[in-house]
Structure formats: structure tokens, C-alpha cells
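Reading through the C-alpha cells given below for one structure.
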Amino acid sequence: MTLNRRSVFGLGTVAAATAVLGSNGAAHAQEEAEVEIERSPTTADRSRKRVAQVYRRQVRKARGSWSSLITVADLDGNTKAAVDETADKVVEAYSVNKVAVAVAVLDKVDRGLIKLTDQVEVTAAIVIQDTDGIFALDGAYPSKVTVGHALANLLTVSDNTAVRLCGLVAPALEINQILKDKGFVHTQVVPVANPNRFFLGTTTAREMHTLLQKLVDGQLLSAASTAYLLNILRATASFTDGVRLKLTTNERLRVATKAGWFEDGRNEAGIMFSEDNRAILIYSMFASGQFDGDKALNDADFSTTHPAVAARAELGRSMFDAVIKITTTKPKHLAKVYRFVNGG
């Protein structure tokens with residue numbers, strides 16, 4: 001009898017495959033079987049299976065403790081989970097909660113309490129010298145920027161000074177109340193003595209997923225504010241080291257994403273859009289703890305060399321390929337066309 005690895009797995013169990021191939025051969029056969037499924041997802045169900053398999057493989061490789069919720073929409077608009085792992089655990093959100101802060105600010109815009117064109121003052125005292133973002137690079141204070149400028153920097157380069165600038169128009173307690181009123185009791189910032197400043201606080205994978213789902217379903221903000229927020233999160237200037245790392249420039253425009261990291265936490269949440277610009281997949285992933293390799297190095301490494309970030313990069317490519325050819329009846333959200341220019 002002639003058997004290859006994949007046909008051995010057709011015997012039905014890992015144990016049967018191990019008996020024929022040995023443990024190493026069985027493990028390799030399982031990976032080959034998963035790749036076979038990955039090559040031809042044609043329905044939402046097949047896409048979910050593919051995403052679940054790649055997620056398990058990458059998390060197993062990266063190690064750490066993960067709280068995740070990843071869903072794929074059916075043609076009728078209903079969403080079902082491909083991954084649902086401790087999604088109700090309250091976790092440190094880090095900069096992923098900048099999306100929640102932006103939602104609170106835009107909620108005030110929608111109610112006519114502030115405008116994107118309103119100006120806030122950038123003083124030397126408000127600038128955080130953390131080497132992240134761009135406000136610390138200006139070197140000339142005081143200056144003034146619009147609320148829109150602050151939001152753009154908050155969500156693209158994840159500028160922490162922009163958090164303080166948003167706090168000037170939406171104090172911490174007001175942000176938390178706005179989020180609670182929208183149903184997000186765990187997605188909260190942490191107030192400090194200065195009412196206009198706060199730490200970025202907590203969320204759950206499920207609440208962040210719900211926030212993104214309500215955003216694309218038009219249940220969170222006005223149409224104008226929804227388009228504004230998604231345009232920033234889909235911009236080529238937004239985070240690219242995780243889920244979007246292995247995508248082309250135009251593919252990245254189909255992914256709205258926000259990452260967050262601090263100490264041992266490595267988080268990312270976002271939305272993938274189908275070829276006809278409908279939200280087809282939503283992911284919310286929060287990882288922390290002991291990852292593969294030296295922990296001291298991991299804590300200081302926020303790039304794609306970190307195991308958790310590398311895992312999200314691999315998963316991002318697979319998720320995109322799994323869903324880009326399917327669609328749903330959810331609303332369309334058009335992306336801006338990327339234009340190549342050379343100054344002038």
C-alpha cells in the first residue's frame with residue numbers, strides 16, 4: 001500500500017497517522033492537510049476553518065496568553081466566529097483603546113459639541129517625549145493643531161501626545177460615560193488627577209470586536225464620522241507591522257487596523273473588507289505573558305521580530321486570502337484610491 005502524508009491523515013485520526021508515520025511525520029502531515037484547506041476557501045464556512053487553523057498554529061508557535069475574537073460574515077450579513085478564545089477576559093488595551101477615544105471625540109462632533117476644525121494648543125508641557133509619534137519631533141512650541149489633526153496622528157502613528165490633545169476636548173470621565181452609554185462597560189480609560197489626562201485602560205476582545213462591528217454597521221457614529229474614522233484606520237500611514245505586514249499597498253487599503261503595545265502586551269484589532277468594500281472579517285486579538293524566546297528581549301521588542309507580532313503578520317496574510325473573494329450584504333465602505341506622487 002502506497003500512502004503519502006495527506007492520505008494517511010485520511011485514515012481519520014492523529015493516532016492512526018502517528019502509527020504509520022511517527023509523531024514528527026504526523027505533525028507534518030497535519031500541517032500539509034491544513035495548507036490544503038488554505039488553498040481554496042470558497043465559502044464563509046471554509047474561510048472560518050482556514051482562519052481557525054492558522055490562528056491555532058501561529059499562537060502555538062508564539063506562545064503567550066491570548067484573548068481573541070475573529071468573525072467572518074455570511075452572505076446574509078450574519079457573523080460567526082472563526083476564533084473565540086477567552087474573549088470576555090478584561091485585558092489591558094494599550095493603544096488599541098485609541099479607537100475608543102476617537103469614537104468618544106467623534107460622538108461629540110456628531111452632537112455638535114465640537115468640530116474637527118476646532119483648534120487645540122500644543123504646549124511644551126503637553127508633549128510626551130517618548131520617541132513615539134511626531135509631536136515630540138516638532139521642536140517648536142507652543143503651536144496649534146485642529147482636532148482632526150490630533151485624531152489623524154492618534155490613529156496612524158499612534159502619537160501619545162495626541163491622547164492628551166483629545167483629552168482637552170473630551171475629558172476622561174466624559175469619554176468613559178460616552179462609551180458606557182454605547183454599551184462598552186469594560187472599554188474604559190483610567191482617569192488621573194488632571195481631568196483632561198488618562199491612561200488608555202482596558203477592554204475585552206469581545207467589546208472591541210463589537211465596537212468595530214457597530215462602526216461598520218452604522219450603529220456607532222454618523223455616516224460622516226464613520227467614513228472619517230475608517231479612512232484613517234485604512235490609510236497607508238496606519239500600522240503595518242502586524243496584520244498588514246505581508247499585504248501589498250492596495251491590499252492594505254482593505255484593512256482598517258489599530259495596534260497597541262506596552263510591557264509584555266501585544267494587541268491588534270481591525271476590519272478586513274471584501275473586494276466590493278464590505279466588512280467581511282473583524283479581528284480582535286490581545287496577547288501577553290511569556291512568549292517564545294527570551295522574555296526580557298520580548299518586553300523591549302515591539303517590531304515584527306517579536307513572536308506575537310510575527311504571528312499576527314502570518315495570520316493577516318492568511319485571513320486576507322481567506323475572505324477577499326467572498327462577500328456579504330453588509331454596508332459598503334469605499335476606500336480612497338492610493339495615488340503615487342513625488343512632491344510638486
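Starting from 1 in every chain, residues are counted up; chains themselves are A, B, ... following the order of the C-alpha cells, and ligands are numbered from 1 as listed.
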
- Task: Assign secondary structure with DSSP using the backbone only, and return the residues of range 215-318 of chain A in strand (DSSP E or B) as a PyMOL selection string.
- Result: chain A and resi 255-262+265-273+278-291

Residues of range 149-222 of chain A within 10 Å of range 258-261 of chain A: nearest atom pair and distance (Å, one decimal) for each, counting only C-alpha atoms, sorted by chain and number, as JSON lines?
{"residue": "A:Leu155", "atom": "CA", "partner": "A:Lys258", "partner_atom": "CA", "distance": 7.0}
{"residue": "A:Thr156", "atom": "CA", "partner": "A:Lys258", "partner_atom": "CA", "distance": 8.0}
{"residue": "A:Val157", "atom": "CA", "partner": "A:Lys258", "partner_atom": "CA", "distance": 9.8}
{"residue": "A:Ser158", "atom": "CA", "partner": "A:Lys258", "partner_atom": "CA", "distance": 8.5}
{"residue": "A:Leu200", "atom": "CA", "partner": "A:Gly260", "partner_atom": "CA", "distance": 10.0}

Restrict the selected residues to N, CA and C atoms and save them as a PDB file, in the first residue's frame.
ATOM      1  N   LEU A 155      -4.417  57.907  15.507  1.00  0.00           N
ATOM      2  CA  LEU A 155      -4.776  56.606  14.952  1.00  0.00           C
ATOM      3  C   LEU A 155      -3.805  56.078  13.907  1.00  0.00           C
ATOM      4  N   THR A 156      -2.959  56.932  13.334  1.00  0.00           N
ATOM      5  CA  THR A 156      -1.988  56.440  12.348  1.00  0.00           C
ATOM      6  C   THR A 156      -0.668  56.111  13.030  1.00  0.00           C
ATOM      7  N   VAL A 157       0.091  57.133  13.399  1.00  0.00           N
ATOM      8  CA  VAL A 157       1.385  56.892  14.052  1.00  0.00           C
ATOM      9  C   VAL A 157       1.232  56.653  15.544  1.00  0.00           C
ATOM     10  N   SER A 158      -0.004  56.631  16.031  1.00  0.00           N
ATOM     11  CA  SER A 158      -0.313  56.311  17.426  1.00  0.00           C
ATOM     12  C   SER A 158       0.398  57.251  18.392  1.00  0.00           C
ATOM     13  N   LEU A 200      -4.727  54.621  29.034  1.00  0.00           N
ATOM     14  CA  LEU A 200      -5.603  54.102  27.998  1.00  0.00           C
ATOM     15  C   LEU A 200      -6.504  52.959  28.451  1.00  0.00           C
TER      16      LEU A 200
END

- If we count only C-alpha atoms, what is near range 224-232 of chain A at a cut-off of 8 Å, once residues fewer than 6 positions away on the same chain are taken out, given as a PyMOL selection string? chain A and resi 102+106+110+152+155-156+215-216+218+238+256+333+335-336

- Query: Do you have the CA of Gly183 in chain A-CA of Lys332 in chain A distance handy?
  - Reply: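 Computing it gives 24.4 Å between the two atoms.
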
- Proximity to Arg197 in chain A - best of A:Thr161, A:Gln213, A:Gln129, A:Thr43, only C-alpha atoms: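 Smallest distance to Arg197 in chain A is found for A:Thr161.
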
- Message: Set the distance at 8 Å and use only C-alpha atoms: which residues neighbour range 262-269 of chain A once local chain neighbours fewer than 2 positions away are removed? I'd like the list as a PyMOL selection string.
- Response: chain A and resi 92-94+96+208-209+242-243+257-260+271+282-290+298-300+302+308-309

- Can you list, as a ChimeraX atom specification, all residues belonging to range 204-298 of chain A that DSSP tags as helix (DSSP H, G or I)? /A:205-216,223-234,249-252,295-298

- Query: Pro171 in chain A: which residues within 10 Å, counting only C-alpha atoms, same-chain residues fewer than 2 positions away excluded, as a ChimeraX atom specification?
  - Reply: /A:104-105,164-169,173-176,191,194-198

- Note on the structure: Counting only C-alpha atoms, the residue among A:Phe135, A:Ala310, A:Lys330, A:Asn342 that lies closest to Arg63 in chain A is A:Ala310
